[in-house]
Each structure stands twice: as structure tokens, then as C-alpha cells.
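Chemist: So I've got this file, structure.cif, and it contains mmCIF, C-alpha atoms and all ligand atoms:
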data_work
#
loop_
_atom_site.group_PDB
_atom_site.id
_atom_site.type_symbol
_atom_site.label_atom_id
_atom_site.label_comp_id
_atom_site.auth_asym_id
_atom_site.auth_seq_id
_atom_site.Cartn_x
_atom_site.Cartn_y
_atom_site.Cartn_z
ATOM 1 C CA MET A 75 -12.600 -15.809 4.711
ATOM 2 C CA SER A 76 -8.931 -15.950 5.556
ATOM 3 C CA ASP A 77 -6.799 -12.882 6.037
ATOM 4 C CA GLU A 78 -3.832 -14.654 4.476
ATOM 5 C CA PRO A 79 -3.350 -13.532 0.860
ATOM 6 C CA SER A 80 -3.889 -16.111 -1.893
ATOM 7 C CA ALA A 81 -1.250 -14.488 -4.094
ATOM 8 C CA THR A 82 1.334 -11.802 -3.491
ATOM 9 C CA VAL A 83 3.356 -9.998 -6.127
ATOM 10 C CA THR A 84 6.433 -8.169 -4.914
ATOM 11 C CA GLY A 85 8.426 -5.575 -6.813
ATOM 12 C CA ILE A 86 7.228 -6.701 -10.230
ATOM 13 C CA THR A 87 8.772 -4.926 -13.190
ATOM 14 C CA ARG A 88 8.196 -5.997 -16.794
ATOM 15 C CA THR A 89 9.863 -4.394 -19.759
ATOM 16 C CA TYR A 90 9.419 -4.960 -23.491
ATOM 17 C CA GLY A 91 12.417 -3.972 -25.562
ATOM 18 C CA GLY A 92 13.753 -2.092 -22.576
ATOM 19 C CA VAL A 93 10.521 -0.093 -22.156
ATOM 20 C CA PRO A 94 8.878 -0.649 -18.766
ATOM 21 C CA VAL A 95 5.157 -1.506 -18.884
ATOM 22 C CA LEU A 96 4.987 -2.454 -15.200
ATOM 23 C CA THR A 97 7.239 -0.774 -12.643
ATOM 24 C CA ASP A 98 7.806 -2.092 -9.132
ATOM 25 C CA VAL A 99 4.253 -3.342 -8.607
ATOM 26 C CA SER A 100 3.582 -4.908 -5.215
ATOM 27 C CA LEU A 101 0.226 -6.089 -3.966
ATOM 28 C CA SER A 102 -1.583 -9.093 -2.615
ATOM 29 C CA VAL A 103 -5.012 -10.531 -3.312
ATOM 30 C CA GLY A 104 -7.318 -12.653 -1.201
ATOM 31 C CA THR A 105 -10.684 -14.367 -1.456
ATOM 32 C CA GLY A 106 -13.296 -12.301 -3.276
ATOM 33 C CA VAL A 107 -13.203 -10.194 -6.421
ATOM 34 C CA THR A 108 -10.279 -7.844 -7.025
ATOM 35 C CA ALA A 109 -10.810 -5.620 -10.067
ATOM 36 C CA VAL A 110 -7.815 -4.195 -11.918
ATOM 37 C CA ILE A 111 -8.746 -1.010 -13.720
ATOM 38 C CA GLY A 112 -6.806 1.640 -15.611
ATOM 39 C CA PRO A 113 -6.462 3.298 -19.014
ATOM 40 C CA ASN A 114 -5.591 1.361 -22.178
ATOM 41 C CA GLY A 115 -1.953 0.369 -22.045
ATOM 42 C CA SER A 116 -1.604 0.927 -18.294
ATOM 43 C CA GLY A 117 -0.406 -2.660 -17.829
ATOM 44 C CA LYS A 118 -3.513 -4.550 -16.702
ATOM 45 C CA SER A 119 -3.100 -7.535 -19.041
ATOM 46 C CA THR A 120 0.597 -7.713 -18.274
ATOM 47 C CA LEU A 121 -0.072 -7.774 -14.526
ATOM 48 C CA LEU A 122 -2.760 -10.441 -14.935
ATOM 49 C CA GLY A 123 -0.434 -12.457 -17.165
ATOM 50 C CA VAL A 124 2.241 -12.316 -14.462
ATOM 51 C CA LEU A 125 -0.275 -13.459 -11.833
ATOM 52 C CA ALA A 126 -1.383 -16.317 -14.111
ATOM 53 C CA GLY A 127 2.174 -17.403 -14.831
ATOM 54 C CA ALA A 128 1.810 -16.630 -18.533
ATOM 55 C CA VAL A 129 4.138 -13.618 -18.509
ATOM 56 C CA ASP A 130 7.562 -13.774 -16.898
ATOM 57 C CA PRO A 131 8.413 -10.649 -14.935
ATOM 58 C CA THR A 132 11.703 -8.941 -15.729
ATOM 59 C CA ALA A 133 12.184 -8.439 -11.983
ATOM 60 C CA GLY A 134 10.257 -9.268 -8.850
ATOM 61 C CA SER A 135 8.456 -12.347 -7.609
ATOM 62 C CA VAL A 136 4.993 -13.894 -7.263
ATOM 63 C CA ARG A 137 4.096 -16.059 -4.304
ATOM 64 C CA TYR A 138 0.984 -18.230 -4.062
ATOM 65 C CA ARG A 139 -0.473 -19.522 -0.841
ATOM 66 C CA HIS A 140 -1.703 -22.782 -2.399
ATOM 67 C CA GLY A 141 0.978 -23.346 -5.025
ATOM 68 C CA GLY A 142 1.532 -21.604 -8.344
ATOM 69 C CA PRO A 143 0.485 -22.368 -11.924
ATOM 70 C CA ARG A 144 3.685 -24.246 -12.627
ATOM 71 C CA GLU A 145 3.835 -26.240 -9.417
ATOM 72 C CA GLY A 146 2.738 -29.876 -9.469
ATOM 73 C CA GLY A 147 -0.141 -31.363 -11.424
ATOM 74 C CA ASP A 148 -2.962 -29.496 -9.713
ATOM 75 C CA LYS A 149 -4.394 -26.427 -11.337
ATOM 76 C CA ARG A 150 -4.059 -23.800 -8.653
ATOM 77 C CA VAL A 151 -4.439 -20.779 -10.924
ATOM 78 C CA GLY A 152 -7.182 -20.508 -13.556
ATOM 79 C CA TYR A 153 -6.714 -18.037 -16.420
ATOM 80 C CA LEU A 154 -8.960 -16.487 -19.015
ATOM 81 C CA PRO A 155 -6.672 -14.620 -21.441
ATOM 82 C CA GLN A 156 -8.035 -11.801 -23.607
ATOM 83 C CA ARG A 157 -8.138 -14.098 -26.633
ATOM 84 C CA VAL A 158 -9.155 -17.698 -26.012
ATOM 85 C CA PRO A 159 -8.042 -20.253 -28.590
ATOM 86 C CA PHE A 160 -11.116 -22.505 -28.443
ATOM 87 C CA ARG A 161 -11.766 -24.762 -31.415
ATOM 88 C CA ASP A 162 -14.960 -23.902 -33.280
ATOM 89 C CA ASP A 163 -15.774 -27.488 -34.238
ATOM 90 C CA LEU A 164 -15.986 -28.840 -30.681
ATOM 91 C CA THR A 165 -19.113 -28.482 -28.555
ATOM 92 C CA ALA A 166 -19.060 -26.478 -25.345
ATOM 93 C CA ARG A 167 -19.102 -29.722 -23.333
ATOM 94 C CA GLU A 168 -16.301 -31.296 -25.396
ATOM 95 C CA THR A 169 -14.242 -28.137 -25.013
ATOM 96 C CA LEU A 170 -14.582 -28.072 -21.245
ATOM 97 C CA GLY A 171 -14.189 -31.852 -21.117
ATOM 98 C CA PHE A 172 -10.753 -31.430 -22.653
ATOM 99 C CA TYR A 173 -9.666 -28.911 -20.020
ATOM 100 C CA ALA A 174 -11.481 -30.771 -17.220
ATOM 101 C CA ALA A 175 -9.469 -33.927 -17.948
ATOM 102 C CA LEU A 176 -6.264 -31.958 -17.371
ATOM 103 C CA VAL A 177 -7.272 -30.747 -13.923
ATOM 104 C CA ASP A 178 -9.727 -33.401 -12.744
ATOM 105 C CA GLY A 179 -12.586 -30.907 -13.056
ATOM 106 C CA ASP A 180 -16.293 -31.323 -13.722
ATOM 107 C CA ALA A 181 -17.203 -29.901 -17.146
ATOM 108 C CA ASP A 182 -20.980 -30.029 -16.662
ATOM 109 C CA ALA A 183 -20.814 -28.369 -13.252
ATOM 110 C CA ALA A 184 -18.633 -25.599 -14.678
ATOM 111 C CA LEU A 185 -21.049 -25.070 -17.592
ATOM 112 C CA ALA A 186 -23.999 -24.908 -15.193
ATOM 113 C CA ALA A 187 -22.183 -22.444 -12.931
ATOM 114 C CA VAL A 188 -21.985 -19.886 -15.759
ATOM 115 C CA GLY A 189 -25.511 -20.571 -17.031
ATOM 116 C CA LEU A 190 -24.458 -22.523 -20.117
ATOM 117 C CA ALA A 191 -26.005 -25.904 -19.243
ATOM 118 C CA ASP A 192 -28.532 -25.584 -22.069
ATOM 119 C CA ALA A 193 -25.792 -24.798 -24.597
ATOM 120 C CA ALA A 194 -23.582 -27.773 -23.669
ATOM 121 C CA ASP A 195 -24.088 -29.513 -27.012
ATOM 122 C CA LYS A 196 -23.711 -26.418 -29.185
ATOM 123 C CA ARG A 197 -20.558 -26.102 -31.229
ATOM 124 C CA VAL A 198 -18.270 -23.316 -30.015
ATOM 125 C CA GLY A 199 -18.444 -21.787 -33.501
ATOM 126 C CA ALA A 200 -22.205 -21.398 -33.050
ATOM 127 C CA LEU A 201 -21.964 -19.636 -29.665
ATOM 128 C CA SER A 202 -22.440 -15.890 -29.414
ATOM 129 C CA GLY A 203 -19.459 -13.795 -28.338
ATOM 130 C CA GLY A 204 -20.988 -13.515 -24.877
ATOM 131 C CA MET A 205 -21.513 -17.248 -24.512
ATOM 132 C CA ARG A 206 -17.935 -17.794 -25.641
ATOM 133 C CA ARG A 207 -16.689 -15.475 -22.886
ATOM 134 C CA LEU A 208 -18.834 -17.358 -20.361
ATOM 135 C CA LEU A 209 -17.300 -20.601 -21.631
ATOM 136 C CA GLY A 210 -13.904 -19.010 -21.051
ATOM 137 C CA ILE A 211 -14.850 -18.154 -17.467
ATOM 138 C CA ALA A 212 -16.033 -21.745 -16.972
ATOM 139 C CA GLN A 213 -12.685 -22.981 -18.321
ATOM 140 C CA ALA A 214 -10.795 -20.700 -15.925
ATOM 141 C CA THR A 215 -12.712 -21.993 -12.894
ATOM 142 C CA LEU A 216 -12.387 -25.716 -13.683
ATOM 143 C CA GLY A 217 -10.720 -27.753 -10.969
ATOM 144 C CA ASP A 218 -11.541 -25.154 -8.275
ATOM 145 C CA PRO A 219 -8.344 -23.108 -8.536
ATOM 146 C CA ALA A 220 -7.428 -20.962 -5.549
ATOM 147 C CA VAL A 221 -6.706 -17.996 -7.840
ATOM 148 C CA VAL A 222 -8.822 -17.177 -10.915
ATOM 149 C CA VAL A 223 -7.443 -14.574 -13.339
ATOM 150 C CA LEU A 224 -9.948 -13.147 -15.843
ATOM 151 C CA ASP A 225 -8.649 -10.664 -18.424
ATOM 152 C CA GLU A 226 -11.513 -8.443 -19.582
ATOM 153 C CA PRO A 227 -14.225 -11.114 -19.394
ATOM 154 C CA THR A 228 -16.870 -8.581 -20.487
ATOM 155 C CA SER A 229 -15.202 -7.034 -23.525
ATOM 156 C CA GLY A 230 -17.509 -6.899 -26.519
ATOM 157 C CA LEU A 231 -20.564 -8.098 -24.596
ATOM 158 C CA ASP A 232 -24.031 -6.579 -24.359
ATOM 159 C CA PRO A 233 -25.178 -5.229 -20.965
ATOM 160 C CA GLU A 234 -27.027 -8.405 -19.969
ATOM 161 C CA MET A 235 -24.074 -10.637 -20.841
ATOM 162 C CA ARG A 236 -21.683 -8.286 -19.019
ATOM 163 C CA GLU A 237 -23.775 -8.618 -15.907
ATOM 164 C CA ARG A 238 -23.862 -12.413 -16.272
ATOM 165 C CA ALA A 239 -20.111 -12.594 -16.757
ATOM 166 C CA PHE A 240 -19.452 -10.478 -13.653
ATOM 167 C CA ARG A 241 -21.966 -12.465 -11.622
ATOM 168 C CA ALA A 242 -20.173 -15.669 -12.629
ATOM 169 C CA ALA A 243 -16.868 -14.081 -11.602
ATOM 170 C CA ALA A 244 -18.358 -12.936 -8.295
ATOM 171 C CA ARG A 245 -19.692 -16.438 -7.577
ATOM 172 C CA ALA A 246 -16.232 -17.866 -8.191
ATOM 173 C CA GLY A 247 -15.000 -15.272 -5.701
ATOM 174 C CA ASP A 248 -16.970 -16.914 -2.907
ATOM 175 C CA ASP A 249 -14.092 -19.303 -2.323
ATOM 176 C CA ALA A 250 -11.295 -18.178 -4.644
ATOM 177 C CA ALA A 251 -9.274 -15.046 -5.206
ATOM 178 C CA VAL A 252 -10.720 -13.738 -8.469
ATOM 179 C CA VAL A 253 -8.664 -11.067 -10.220
ATOM 180 C CA VAL A 254 -10.507 -9.437 -13.086
ATOM 181 C CA SER A 255 -9.463 -6.605 -15.392
ATOM 182 C CA SER A 256 -12.241 -4.471 -16.754
ATOM 183 C CA HIS A 257 -13.256 -1.144 -18.255
ATOM 184 C CA ASP A 258 -16.824 -1.670 -16.950
ATOM 185 C CA LEU A 259 -16.568 0.610 -13.966
ATOM 186 C CA ASP A 260 -20.244 0.275 -13.033
ATOM 187 C CA LEU A 261 -19.885 -3.500 -12.787
ATOM 188 C CA VAL A 262 -16.659 -3.124 -10.837
ATOM 189 C CA ASP A 263 -18.578 -0.815 -8.529
ATOM 190 C CA ALA A 264 -21.320 -3.419 -8.094
ATOM 191 C CA HIS A 265 -19.232 -6.573 -7.735
ATOM 192 C CA ALA A 266 -15.638 -5.887 -6.699
ATOM 193 C CA ASP A 267 -14.521 -6.285 -3.110
ATOM 194 C CA ALA A 268 -11.171 -4.670 -3.834
ATOM 195 C CA VAL A 269 -9.839 -2.418 -6.585
ATOM 196 C CA VAL A 270 -6.390 -1.859 -8.059
ATOM 197 C CA VAL A 271 -5.966 1.241 -10.221
ATOM 198 C CA LEU A 272 -3.015 1.087 -12.598
ATOM 199 C CA ARG A 273 -1.583 4.186 -14.199
ATOM 200 C CA ARG A 274 1.340 4.023 -16.608
ATOM 201 C CA GLY A 275 2.480 0.691 -15.216
ATOM 202 C CA GLU A 276 2.344 1.701 -11.573
ATOM 203 C CA VAL A 277 -0.208 1.127 -8.841
ATOM 204 C CA ALA A 278 -1.952 4.475 -8.408
ATOM 205 C CA ALA A 279 -4.323 3.178 -5.729
ATOM 206 C CA ALA A 280 -5.235 -0.192 -4.278
ATOM 207 C CA GLY A 281 -7.351 -1.521 -1.449
ATOM 208 C CA PRO A 282 -10.804 -2.597 -0.385
ATOM 209 C CA ARG A 283 -13.306 -0.751 -2.598
ATOM 210 C CA GLU A 284 -15.234 0.968 0.202
ATOM 211 C CA ARG A 285 -12.048 2.172 1.836
ATOM 212 C CA LEU A 286 -10.664 3.549 -1.426
ATOM 213 C CA LEU A 287 -13.910 5.372 -2.185
ATOM 214 C CA ALA A 288 -13.887 6.957 1.254
ATOM 215 C CA GLU A 289 -10.210 7.905 1.051
ATOM 216 C CA HIS A 290 -10.675 9.571 -2.322
ATOM 217 C CA ASP A 291 -14.038 11.091 -1.459
ATOM 218 C CA ALA A 292 -15.525 9.268 -4.462
ATOM 219 C CA ALA A 293 -19.187 8.275 -4.746
ATOM 220 C CA ASP A 294 -18.424 5.301 -6.968
ATOM 221 C CA VAL A 295 -15.612 3.560 -8.846
ATOM 222 C CA GLY A 296 -16.093 5.861 -11.861
ATOM 223 C CA GLU A 297 -15.286 8.874 -9.691
ATOM 224 C CA LEU A 298 -12.366 7.035 -8.112
ATOM 225 C CA TYR A 299 -11.008 6.252 -11.588
ATOM 226 C CA ARG A 300 -11.276 9.865 -12.692
ATOM 227 C CA ALA A 301 -9.613 11.066 -9.504
ATOM 228 C CA VAL A 302 -6.752 8.574 -9.553
ATOM 229 C CA ALA A 303 -6.177 7.364 -13.106
ATOM 230 C CA GLY A 304 -7.069 10.554 -14.958
ATOM 231 C CA GLY A 305 -9.356 10.898 -17.921
ATOM 232 C CA SER A 306 -7.029 10.464 -20.855
ATOM 233 C CA ALA A 307 -6.058 7.188 -22.473
ATOM 234 C CA ASP A 308 -2.523 7.246 -21.145
ATOM 235 C CA GLY A 309 -3.396 8.627 -17.728
ATOM 236 C CA ARG A 310 -1.658 11.945 -18.313
ATOM 237 C CA GLY A 311 -4.705 13.840 -17.124
ATOM 238 C CA VAL A 312 -3.463 13.452 -13.573
ATOM 239 C CA ASP A 313 -1.124 15.725 -11.754
ATOM 240 C CA ASP A 314 1.794 13.625 -10.590
ATOM 241 C CA GLU A 315 2.010 15.316 -7.207
ATOM 242 C CA GLY A 316 -1.408 15.141 -5.743
ATOM 243 C CA SER A 317 -3.078 11.964 -6.870
ATOM 244 C CA GLU A 318 -1.215 9.034 -5.453
ATOM 245 C CA GLY A 319 -3.207 6.502 -3.523
ATOM 246 C CA ASP A 320 -2.145 4.325 -0.666
ATOM 247 C CA ALA A 321 -0.204 1.997 -2.926
ATOM 248 C CA SER A 322 1.813 4.356 -5.029
ATOM 249 C CA GLY A 323 4.311 1.728 -6.020
ATOM 250 C CA GLU A 324 7.092 3.500 -4.159
ATOM 251 C CA GLY A 325 9.493 0.978 -2.715
ATOM 252 C CA SER A 326 8.425 -2.613 -2.432
ATOM 253 C CA GLU A 327 5.904 -2.414 0.358
ATOM 254 C CA THR A 328 3.118 -4.873 -0.296
ATOM 255 C CA VAL A 329 -0.456 -3.682 -0.045
ATOM 256 C CA HIS A 330 -3.110 -6.232 0.777
ATOM 257 C CA VAL A 331 -5.973 -5.212 -1.465
ATOM 258 C CA ALA A 332 -8.515 -7.960 -0.947
ATOM 259 C CA GLY A 333 -9.898 -9.987 1.895
ATOM 260 C CA VAL A 334 -12.596 -7.502 2.765
ATOM 261 C CA SER A 335 -16.158 -7.942 1.630
ATOM 262 C CA ASP A 336 -19.053 -5.641 2.332
ATOM 263 C CA ARG A 337 -21.504 -7.407 0.079
HETATM 264 N N1 LIG B 1 4.186 -8.821 -25.994
HETATM 265 C C1 LIG B 1 4.380 -7.505 -25.980
HETATM 266 N N2 LIG B 1 5.373 -6.933 -26.702
HETATM 267 C C2 LIG B 1 5.590 -5.612 -26.682
HETATM 268 N N3 LIG B 1 4.851 -4.728 -25.972
HETATM 269 C C3 LIG B 1 3.852 -5.222 -25.254
HETATM 270 C C4 LIG B 1 3.546 -6.624 -25.217
HETATM 271 N N4 LIG B 1 2.484 -6.813 -24.392
HETATM 272 C C5 LIG B 1 2.128 -5.589 -23.946
HETATM 273 N N5 LIG B 1 2.923 -4.637 -24.460
HETATM 274 C C6 LIG B 1 2.838 -3.189 -24.197
HETATM 275 O O1 LIG B 1 2.725 -3.026 -22.812
HETATM 276 C C7 LIG B 1 1.838 -1.936 -22.500
HETATM 277 C C8 LIG B 1 0.798 -2.437 -21.549
HETATM 278 O O2 LIG B 1 -0.035 -3.373 -22.231
HETATM 279 P P1 LIG B 1 -1.191 -4.149 -21.507
HETATM 280 O O3 LIG B 1 -1.867 -4.994 -22.537
HETATM 281 O O4 LIG B 1 -0.668 -4.810 -20.294
HETATM 282 O O5 LIG B 1 -2.153 -2.938 -21.061
HETATM 283 P P2 LIG B 1 -3.684 -2.954 -20.677
HETATM 284 O O6 LIG B 1 -3.823 -2.004 -19.539
HETATM 285 O O7 LIG B 1 -4.162 -4.344 -20.474
HETATM 286 O O8 LIG B 1 -4.359 -2.344 -21.980
HETATM 287 P P3 LIG B 1 -5.847 -2.517 -22.583
HETATM 288 O O9 LIG B 1 -6.777 -1.863 -21.605
HETATM 289 O O10 LIG B 1 -5.770 -1.774 -23.875
HETATM 290 O O11 LIG B 1 -6.098 -3.998 -22.746
HETATM 291 C C9 LIG B 1 1.279 -1.452 -23.823
HETATM 292 O O12 LIG B 1 1.985 -0.298 -24.203
HETATM 293 C C10 LIG B 1 1.571 -2.587 -24.781
HETATM 294 O O13 LIG B 1 1.787 -2.112 -26.077
#
Reformat the file's structure so that it appears as C-alpha cells.
Ligand SMILES: Nc1ncnc2c1ncn2[C@@H]1O[C@H](COP(=O)(O)OP(=O)(O)OP(=O)(O)O)[C@@H](O)[C@H]1O

Modeler:
Amino acid sequence: MSDEPSATVTGITRTYGGVPVLTDVSLSVGTGVTAVIGPNGSGKSTLLGVLAGAVDPTAGSVRYRHGGPREGGDKRVGYLPQRVPFRDDLTARETLGFYAALVDGDADAALAAVGLADAADKRVGALSGGMRRLLGIAQATLGDPAVVVLDEPTSGLDPEMRERAFRAAARAGDDAAVVVSSHDLDLVDAHADAVVVLRRGEVAAAGPRERLLAEHDAADVGELYRAVAGGSADGRGVDDEGSEGDASGEGSETVHVAGVSDR
């Protein structure tokens, strides 16, 4: 595992109609699983979209160690958006074959890696919601990208499928920087090497999971979340003075959140 970050975002701000949804976010991610957590509307999808090159920041920059999503023909950044526009009439293999052709990937290997080998010839329209999410993870990992961005890969899934989706993400994290947003704090606790907590568009805490837990005297990621992000949907349950983590978003200092694994 290299200490050099796979992707670094510096001073990212994104506004919609003049309203900031991300404010001066700086962090870097490395090999392993980095989980982005935070209340609804805290900016997780926007941050992941910026990392994936799907959302242009209003200010700030993103730097990739191995080349970005818009550089050259190679797919260096894989992306699973919240809603995946797969066609229902194609089979799982045909679907991945389409994407694999774009990035010189191996559709069957990607299907096998997420446990969908037996469903290769099923039409996408006949897959369960969970299998569809797994297909989305397979799509995002095609072509061995250096950075894999997965936006809520477990939303709407049953507990077994959630576990499978996170395991697939964790396997991809063996040799890629996997950035995953999630509300499944128990799975984040079990599988994430590093955690970023967003609160109202700012980084409230970020770093290797074990270090963050120790710093915030939290037994698990659920406790960390309650301590740092607050309990309410918009994060207003937190006192602004006393709850900042080590990556408060002040200034543009970059915090390296990943690159440490204790698994
Ligand atoms: N295209 C857009 N146009 C206008 N506002 C947007 C757009 N995308 C996001 N927003 C706003 O930005 C804020 C952050 O949204 P975002 O989806 O990044 O949050 P999130 O943390 O991923 O939320 P959730 O957990 O509900 O998925 C929200 O207030 C949302 O309404």
C-alpha cells in the first residue's frame, strides 16, 4: 500500500443557485475503503460526483495520481451514481459487455467478483434491486480503475445484500481507492479503513477509522456519527463550538484520510 494519495480534492466549493452545498472541502484518499457519511443533504453525493468528474466544482481542484476521469482513453475512475440508467432488456453480461468494451475490461470477471456469475444471462429487468446494485458495482470496477466511487451502493437492499455489496466494495479496495457514501454505519464500521463525516457541506471529521474513534472516544462509527454529525437530519443537533474534528474544513489544509488499514 502506497502512502501517496490516489486522489486529492483541495478547497472544493459547490453552489447551486448561489447556495453552497459543499464549502472548502479538502481531503485525500488512498488505497482501501473510505466511507463518506453524514445526514441527508450534507453533500455526500455532490462530493462523490466531484471526485468522479460528474459534478464540476464551483471552486477548488481535484488531482488524481493515475490520471482523472476525463484524461485519455483509460478509465481511471469508476463511478456508481445513485441512479444507474441500465437498460432492462439487456442481460447482465450484455450490459457489462457494453461498458467493458469502452474500457477494455472483462465483463465475466467483473460479474464473478460481485457474485453475479450465475445471473449473467438474466435480463436486467428481471434482477432484484440488490442484484442491480451489485451489477452497478461491477460496472464501476470494470477496467481496474485506480479510484472507485460508489454512491450509496446499499440503499434499498436487505441486510444480506448490503453485506454483499460492502464486501464487493472492500474487495475492490484491495488495490484501488474506493470511496463509498452510506447511511449503513454498522457496515462502515466493519469495512471502512477511513471515514469522512460531512456536516452541512463541510468536513466535520476525517481520518483513519481507528484514529477517529479514539480521538472522539467513540466505540463505533455510530457513536462517532452522533458525536460529530449530530442526530438531526440537517446536523443542527451539534454545538458549533465543541464538535469539530481534525479536518474542520478551515482553510485549505488537506487531510489524508486513507492509506491506513487495520483489517
Ligand atoms: N442538481 C442540483 N440542483 C440543486 N440542488 C442540488 C442539486 N444536487 C444537490 N443539490 C442540493 O445539495 C444539497 C446536498 O445534496 P447531496 O445529494 O449532495 O446530499 P447527500 O448528503 O448525498 O444527501 P442524501 O443522504 O439525502 O443522499 C441538498 O440540499 C440538495 O438539495

Chemist: What does the distance between atom CA of A:Val110 and atom CA of A:Leu185 come to in Å, to one decimal place?

Modeler: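 One can read the atom CA of A:Val110 to atom CA of A:Leu185 distance as 25.4 Å.
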
Chemist: Rank A:Leu208, A:Val221, A:Ala184, A:Ala194 by their smallest atom-to-atom distance to A:Arg137, using all atoms listed in the file, and report the top residue only.

Modeler: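 Of A:Leu208, A:Val221, A:Ala184, A:Ala194, the one nearest A:Arg137, counting all atoms listed in the file, is A:Val221.
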
Chemist: Kindly indicate which residue among A:Arg157, A:Ala268, A:His290, A:Arg241 lies nearest to A:Ser229, using all atoms listed in the file for the distances.

Modeler: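 The shortest atom-to-atom distance to A:Ser229 comes from A:Arg157.
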
Chemist: Go through A:Val222, A:Ile211, A:Val277, A:Leu121 and flag the residue nearest A:Asp248, using all atoms listed in the file for the distances.

Modeler: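 Looking at the shortest contact to A:Asp248, the residue is A:Val222.
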
Chemist: Can you work out which one of A:Gln213, A:Ser202, A:Thr89, A:Thr120 has the shortest atom-to-atom distance to ligand LIG 1 (chain B), counting all atoms listed in the file?

Modeler: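 Once distances to ligand LIG 1 (chain B) are computed over all atoms listed in the file, the minimum belongs to A:Thr120.
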
Chemist: What's the separation between atom C9 of ligand LIG 1 (chain B) and atom CA of A:Arg88, in Å to one decimal place?

Modeler: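 Separating atom C9 of ligand LIG 1 (chain B) from atom CA of A:Arg88 is a distance of 10.9 Å.
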